[in-house]
Amino acid sequence: PQKGIGNRKKILVLSCTLTLVFLFSDGHLTVLTDPAPVIARLGTSVHLNCLFEVGKPQIELASLAVQWFFNGQKVAEFNDKLHIYSPGVAISEQGLKDGNASLVLTDVHIAHEGDYVCKVFYTLDKTERITLKVKAPPRLSVPDPLVTENKASELICNVDGYYPELISVWWIRDGVLQHGSQHKTTRRNEDGTFNTTSMYTLTPIDKDKNISYACRV
């Protein structure tokens with residue numbers, strides 16, 4: 001006997017395509033998937049198979065990346081962690097350890113019909129981060145001072161072309177570190193290095209004759 005139209009089961013066609021992108025330093029990567037199209041009933045769950053082998057007995061998740069796309073939009077991926085970007089889809093992290101990157105649609109709707117792409121990346125290469133630090137040593141120059149006895153005068157020390165910016169300038173009087181009575185200005189050069197001018201204020205008296213001053217960084 002014929003069944004009424006209301007009792008007919010609705011069938012949904014899912015076209016599942018597979019794209020492989022893989023990197024490896026040794027070993028072998030193979031991927032198996034269902035032949036297209038995959039047929040699913042409306043309202044049921046369906047597995048879109050994406051099975052892979054790496055030619056080794058154990059799969060290192062740190063070397064694995066998986067991406068699933070639906071009609072060009074990423075819906076799920078694994079890259080150190082599992083990320084789901086679309087409701088109603090799932091990937092088993094335990095399954096990945098066994099070479100199973102299949103995508104599960106838990107409740108098939110008409111909107112799920114279309115093309116699905118599974119991308120599998122596997123590499124045993126390691127990536128290391130290299131941080132480059134640039135340094136430029138300072139160039140010091142002290143112009144000949146013009147001082148007058150019993151009048152406030154300034155000694156100048158130019159510190160040029162250094163990098164990074166943080167720098168300390170000290171004034172030394174006959175081998176003794178001096179505190180206070182000094183200030184400095186800093187400016188940035190076009191090449192990114194810095195120039196600093198340090199000024200030390202003193203009021204020389206007669207007994208200061210033959211006293212030596214020096215600046216250090």
# chains A, B, ... in the order shown; residues from 1 in each chain; ligands from 1
call {"tool": "select_by_dssp", "arguments": {"residues": "chain A", "states": "strand (DSSP E or B)", "output": "PyMOL selection string"}}
result
chain A and resi 11-18+30-33+38-41+46-48+50-53+64-70+73-79+81-84+89-90+100+103-105+115-122+136+139-141+153-163+170-173+176-177+182-188+194-202+213-216
call {"tool": "residues_around", "arguments": {"residues": "range 48-53 of chain A", "least_positions_apart": "5", "cutoff": "12 Å", "atoms": "only C-alpha atoms", "output": "MDAnalysis selection string"}}
result
chainID A and resid 14:20 22 27:40 58:60 64:70 89:92 95:106 108 112 115:122
call {"tool": "select_by_dssp", "arguments": {"residues": "range 36-200 of chain A", "states": "alpha helix (DSSP H)", "output": "list in words"}}
result
Glu93, Gln94, Gly95, Leu96 and Lys97 of chain A
call {"tool": "atom_distance", "arguments": {"atom1": "CA of Met199 in chain A", "atom2": "CA of Lys135 in chain A"}}
result
24.6 Å
call {"tool": "residues_around", "arguments": {"residues": "Asn195 in chain A", "least_positions_apart": "3", "cutoff": "12 Å", "atoms": "only C-alpha atoms", "output": "PyMOL selection string"}}
result
chain A and resi 136-141+157-167+169+184-192+198
